[in-house]
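Remarks on the structure that follows.
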Amino acid sequence: MTNRHIFIYILFIWTFYSCKNENIYRVPVTGSKEQHRPEFHFTPDSMWMNDPNGMVYFDGEYHLFYQYFPDSIVWGPMHWGHAVSKDMIRWQQLPIALYPDSLGYIFSGSAVIDWKNTSGFGKDGSPPMVAIFTHHNIAGEKAGRSDFQYQSIAYSLDKGRSWTKYADNPVVPNPGNIKDFRDPKVIWHEDSHKWIMVLAARDKVKLYSSPDLKKWSFESDFGIKNDARLWECPDLFPLKVEGNEEPKWVLIVSMQSGAPNKGTGTSYFIGYFDGHTFTCLDQKKSQHWLDYGTDNYAMVSWSDIPSSDGRRLALGWMSNWLYAQKVPTGSWRSAMTLPRELSIIKTETGKYLLKSNIIREFYSYRKDTIIINPSSISSDQYRLPLDQNGLYEINISFARSEDLSFLLTSEHGDTLQVGYEAKTDIWFIDRSKAGKSDFFEGFAAKHSAPCISESDTISMQIILDKASLELIADGGLTTMTDIFFPGRDMTQVFLITQKGSKSVSDIVTHHIRHPE
């Protein structure tokens with residue numbers, strides 16, 4: 001046996017036994033030929049994924065933890081999967097970070113860098129990364145108890161590669177009568193020099209404070225009167241209003257029902273926070289929607305983005321609990337949205353609204369740019385000069401007085417239409433004929449969203465990645481995210497107008513390269 005054969009044999013034996021270890025490294029799928037797997041949206045290499053968790057930036061890396069079940073493509077005992085990225089587009093998948101234990105499954109939560117070492121977990125001058133998550137005690141749930149969810153913490157001293165759970169967990173016990181008591185999001189509140197936790201408590205959120213991430217005190221509740229929906233995955237953070245630097249606070253809450261186009265969705269409130277209480281600007285506690293599509297849920301933001309950057313960056317789970325466990329993918333289920341930058345504007349009528357735009361890092365993956373002269377649009381149905389890789393970005397501005405849409409088609413005969421209807425003043429995505437839909441009654445449908453812009457000229461950006469479409473309208477005032485499952489990639493795109501070039505101000509398209 002040659003040295004080369006000996007090396008290969010040893011490598012085989014090492015790989016075999018390594019795969020039996022719970023910390024198996026799963027090779028990420030990049031540039032995959034798997035049908036419906038996106039190219040530049042994060043997916044697990046295999047098995048089930050849902051909510052993004054523990055999103056934190058540290059030492060040049062964006063961390064994404066996520067709800068993960070490594071043994072099936074449907075929901076099961078929850079772990080925290082883990083991936084890191086330099087730009088939030090190209091991801092390296094790492095071993096599982098947190099496993100279920102005697103206290104329960106590892107449900108959703110957040111992570112922070114404890115720069116001041118308030119927890120005492122730091123060592124040799126290095127701050128710890130601290131995860132704050134919900135323990136879900138399945139035995140307590142099956143026994144009919146109402147206190148089977150509570151909040152716990154763990155810490156890492158090696159940039160999230162290994163974790164130690166706190167010996168005195170849980171740090172926030174269940175009050176004893178709240179079955180849905182979960183999804184803690186923690187921030188450092190500089191004005192009060194305390195950590196602030198917002199967590200979902202059935203039909204409201206609860207706020208807690210702590211000096212050290214270990215001992216927590218209840219501060220206040222926030223909810224909507226007579227709202228019976230289940231609240232989940234809250235987030236609370238400050239933002240300055242564009243143009244005048246006026247400080248405001250944003251409370252994001254995901255709703256398990258009652259979203260604009262049925263099922264689950266992500267909403268927000270804008271107001272003030274004084275270290276104790278969140279107060280909505282609107283006395284009626286008006287709820288706005290962060291995304292009107294059916295497939296952007298549990299969107300939360302990254303912690304510890306450097307002040308030199310200053311952005312509020314967020315990410316959502318690109319699915320819907322109505323059908324998430326039934327979608328026709330193979331060895332994996334679910335993807336994340338493209339990361340978004342969130343900002344607040346004040347409209348001319350005095351409303352404060354949240355804008356959601358694709359992060360600038362995405363645009364470095366533009367492969368080429370095609371600027372289309374509106375005068376070249378010679379008919380009401382104009383085929384765009386795009387190649388057939390199914391990865392596109394299209395930007396267009398046009399008159400609000402006219403209908404305008406894009407029709408995406410596949411060789412299989414599938415069609416997806418996205419655009420604007422002037423009569424009803426709505427944006428829409430119609431996936432009713434976009435491919436396989438028999439896995440859930442009602443999946444094949446047309447979804448709509450209001451046009452919020454106050455301008456006579458409106459704009460639309462659409463980003464297609466194999467089996468998902470994200471619509472960013474009017475600079476992020478309205479967004480829609482929808483998934484679909486065509487028999488073949490959508491390889492042709494047609495611009496549908498009423499008056500051809502007369503309604504179009506400008507149109508620019510981009511091919512997107514694989515993030516390899």
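For the structure tokens, the naming scheme is as follows: chains receive sequential letters (A, B, ...) according to their order of presentation, residues are indexed from 1 within each chain, and ligands are indexed from 1 in presentation order.
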
If we count only C-alpha atoms, what is near Tyr420 (chain A) at a cut-off of 6 Å, once residues fewer than 3 positions away on the same chain are taken out, given as a list in words?
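What passes the distance filter is Asp403, Leu404, Ile426 and Trp427 of chain A.
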
Report as a PyMOL selection string all protein, DNA and RNA residues lying within 10 Å of Ser331 (chain A), evaluated on only C-alpha atoms, omitting residues in the same chain fewer than 2 positions from it.
chain A and resi 34+44-48+72-73+328-329+333

Which residues of region 255-301 of chain A come within 12 Å of region 462-472 of chain A, and what is each one's closest atom pair and distance in Å (one decimal), counting only C-alpha atoms, sorted by chain and residue number, as CSV?
```
residue,atom,partner,partner_atom,distance
A:Leu290,CA,A:Ile472,CA,11.2
A:Asp291,CA,A:Ile472,CA,9.5
A:Tyr292,CA,A:Leu471,CA,9.7
A:Gly293,CA,A:Glu470,CA,8.6
A:Thr294,CA,A:Glu470,CA,10.9
A:Asp295,CA,A:Ser468,CA,9.1
A:Asn296,CA,A:Glu470,CA,9.7
```

Mind dumping a table of every region 249-303 of chain A residue within 12 Å of region 100-119 of chain A, with the nearest atom pair and its distance in Å to one decimal, using only C-alpha atoms, sorted by chain and rising number, as a Markdown table?
```
| residue | atom | partner | partner_atom | distance |
| --- | --- | --- | --- | --- |
| A:Ala298 | CA | A:Ser108 | CA | 9.6 |
| A:Met299 | CA | A:Ser108 | CA | 11.7 |
| A:Val300 | CA | A:Ser110 | CA | 9.0 |
| A:Ser301 | CA | A:Ser110 | CA | 9.3 |
| A:Trp302 | CA | A:Ala111 | CA | 8.7 |
| A:Ser303 | CA | A:Val112 | CA | 6.1 |
```

Counting only C-alpha atoms, figure out which residue out of A:Gln35, A:Met318, A:Ile153, A:Asn226 gets nearest to Pro52 (chain A).
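Residue with the minimum atom-to-atom distance to Pro52 (chain A): A:Met318.
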
Which neighbours of Ala422 (chain A) fall inside 6 Å, counting only C-alpha atoms, when residues of the same chain fewer than 2 positions from it are skipped, and could you give them as a PDB file with C-alpha atoms, in the first residue's frame?
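Output saved as out.pdb:
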```pdb
ATOM      1  CA  SER A 401     -51.503  56.704 -13.730  1.00  0.00           C
ATOM      2  CA  GLU A 402     -50.827  53.518 -15.706  1.00  0.00           C
ATOM      3  CA  ASP A 403     -50.823  49.772 -15.056  1.00  0.00           C
ATOM      4  CA  THR A 424     -56.862  50.135  -7.167  1.00  0.00           C
ATOM      5  CA  ASP A 425     -53.488  51.790  -6.425  1.00  0.00           C
TER       6      ASP A 425
END
```

Residues within 10 Å of region 486-499 of chain A, only C-alpha atoms, excluding chain neighbours under 4 positions, as a ChimeraX atom specification
/A:35-36,377-392,394,402-419,431,433-437,464-467,503-504

Pick out each residue of region 6-186 of chain A that DSSP on the backbone tags as alpha helix (DSSP H); I need them as an mmCIF file with N, CA and C atoms, in the first residue's frame.
```cif
data_model
loop_
_atom_site.group_PDB
_atom_site.id
_atom_site.type_symbol
_atom_site.label_atom_id
_atom_site.label_comp_id
_atom_site.auth_asym_id
_atom_site.auth_seq_id
_atom_site.Cartn_x
_atom_site.Cartn_y
_atom_site.Cartn_z
ATOM 1 N N ILE A 6 -2.550 5.008 1.971
ATOM 2 C CA ILE A 6 -2.664 5.062 3.436
ATOM 3 C C ILE A 6 -3.340 6.359 3.860
ATOM 4 N N PHE A 7 -2.940 7.485 3.222
ATOM 5 C CA PHE A 7 -3.529 8.782 3.554
ATOM 6 C C PHE A 7 -5.035 8.783 3.266
ATOM 7 N N ILE A 8 -5.407 8.238 2.092
ATOM 8 C CA ILE A 8 -6.836 8.218 1.729
ATOM 9 C C ILE A 8 -7.618 7.350 2.707
ATOM 10 N N TYR A 9 -7.018 6.204 3.119
ATOM 11 C CA TYR A 9 -7.701 5.314 4.064
ATOM 12 C C TYR A 9 -7.911 6.008 5.407
ATOM 13 N N ILE A 10 -6.869 6.692 5.897
ATOM 14 C CA ILE A 10 -6.978 7.404 7.171
ATOM 15 C C ILE A 10 -8.021 8.511 7.079
ATOM 16 N N LEU A 11 -8.013 9.229 5.944
ATOM 17 C CA LEU A 11 -8.989 10.300 5.743
ATOM 18 C C LEU A 11 -10.404 9.751 5.748
ATOM 19 N N PHE A 12 -10.603 8.569 5.139
ATOM 20 C CA PHE A 12 -11.933 7.950 5.114
ATOM 21 C C PHE A 12 -12.387 7.591 6.533
ATOM 22 N N ILE A 13 -11.485 6.946 7.289
ATOM 23 C CA ILE A 13 -11.841 6.552 8.653
ATOM 24 C C ILE A 13 -12.146 7.774 9.506
ATOM 25 N N TRP A 14 -11.332 8.830 9.376
ATOM 26 C CA TRP A 14 -11.556 10.062 10.160
ATOM 27 C C TRP A 14 -12.901 10.679 9.809
ATOM 28 N N THR A 15 -13.222 10.715 8.500
ATOM 29 C CA THR A 15 -14.482 11.307 8.056
ATOM 30 C C THR A 15 -15.666 10.510 8.590
ATOM 31 N N PHE A 16 -15.550 9.165 8.542
ATOM 32 C CA PHE A 16 -16.642 8.309 9.002
ATOM 33 C C PHE A 16 -16.954 8.570 10.469
ATOM 34 N N TYR A 17 -15.915 8.576 11.298
ATOM 35 C CA TYR A 17 -16.156 8.757 12.721
ATOM 36 C C TYR A 17 -16.507 10.196 13.067
ATOM 37 N N SER A 18 -16.002 11.156 12.311
ATOM 38 C CA SER A 18 -16.367 12.549 12.538
ATOM 39 C C SER A 18 -17.841 12.765 12.292
ATOM 40 N N ILE A 138 -40.431 20.315 26.773
ATOM 41 C CA ILE A 138 -41.458 19.525 26.102
ATOM 42 C C ILE A 138 -42.220 18.635 27.090
ATOM 43 N N ALA A 139 -41.535 18.159 28.130
ATOM 44 C CA ALA A 139 -42.216 17.325 29.128
ATOM 45 C C ALA A 139 -43.274 18.139 29.870
ATOM 46 N N GLY A 140 -42.933 19.387 30.204
ATOM 47 C CA GLY A 140 -43.899 20.254 30.865
ATOM 48 C C GLY A 140 -45.090 20.557 29.980
ATOM 49 N N GLU A 141 -44.817 20.749 28.685
ATOM 50 C CA GLU A 141 -45.924 21.010 27.756
ATOM 51 C C GLU A 141 -46.849 19.803 27.671
ATOM 52 N N LYS A 142 -46.274 18.602 27.535
ATOM 53 C CA LYS A 142 -47.080 17.400 27.416
ATOM 54 C C LYS A 142 -47.853 17.101 28.690
#
```

Give one line per residue of region 73-107 of chain A that approaches region 352-367 of chain A to at most 8 Å, naming the two atoms of the closest pair and their distance in Å to one decimal, counting only C-alpha atoms; sort by chain then ascending residue number and deliver it as CSV.
```
residue,atom,partner,partner_atom,distance
A:Asp87,CA,A:Glu361,CA,6.1
A:Met88,CA,A:Glu361,CA,7.6
A:Ile89,CA,A:Phe362,CA,6.6
```

Include C-alpha atoms and write out the residues we just selected as a PDB file, in the first residue's frame.
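File part.pdb, as written:
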```
ATOM      1  CA  ASP A  87     -20.976  40.463   3.730  1.00  0.00           C
ATOM      2  CA  MET A  88     -24.328  38.775   4.655  1.00  0.00           C
ATOM      3  CA  ILE A  89     -24.578  37.226   1.173  1.00  0.00           C
TER       4      ILE A  89
END
```

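Straight-line separation from CA of Leu236 (chain A) to CA of Val130 (chain A): 17.7 Å.
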
A:Arg182, A:His511, A:Lys284, A:Lys159: which is nearest Asn137 (chain A), counting only C-alpha atoms?
A:Arg182

Give me the residues near region 241-255 of chain A as number ranges by chain, where near means some atom within 6 Å (using only C-alpha atoms) and where sequence neighbours in that chain fewer than 4 positions away do not count.
A: 230-237, 264-272, 298, 344-345

DSSP on the backbone, strand (DSSP E or B) only: what residues of region 281-451 of chain A does that give? Format it as a PyMOL selection string.
chain A and resi 288-289+297-301+303+312-317+332-333+336+340-346+352-358+366-372+381-383+391-399+404-410+415-421+426-430+446-450

Tell me, as a list in words, which residues lie within 12 Å of Lys165 (chain A), counting only C-alpha atoms; anything in the same chain fewer than 2 positions away does not count.
Ala97, Leu98, Tyr99, Pro100, Asp101, Ser102, Leu103, Ile106, Phe121, Met129, Val130, Ala131, Ile132, Phe133, His135, Gln151, Ser152, Ile153, Ala154, Tyr155, Ser156, Ser162, Trp163, Ala167, Asp168, Asn169, Pro170, Val171 and Lys214 of chain A

Here is a test: counting only C-alpha atoms, which residue of A:Arg312, A:His193, A:Arg202, A:His79 is nearest to Tyr57 (chain A)?
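Ranked by minimum distance to Tyr57 (chain A), first place goes to A:Arg312.
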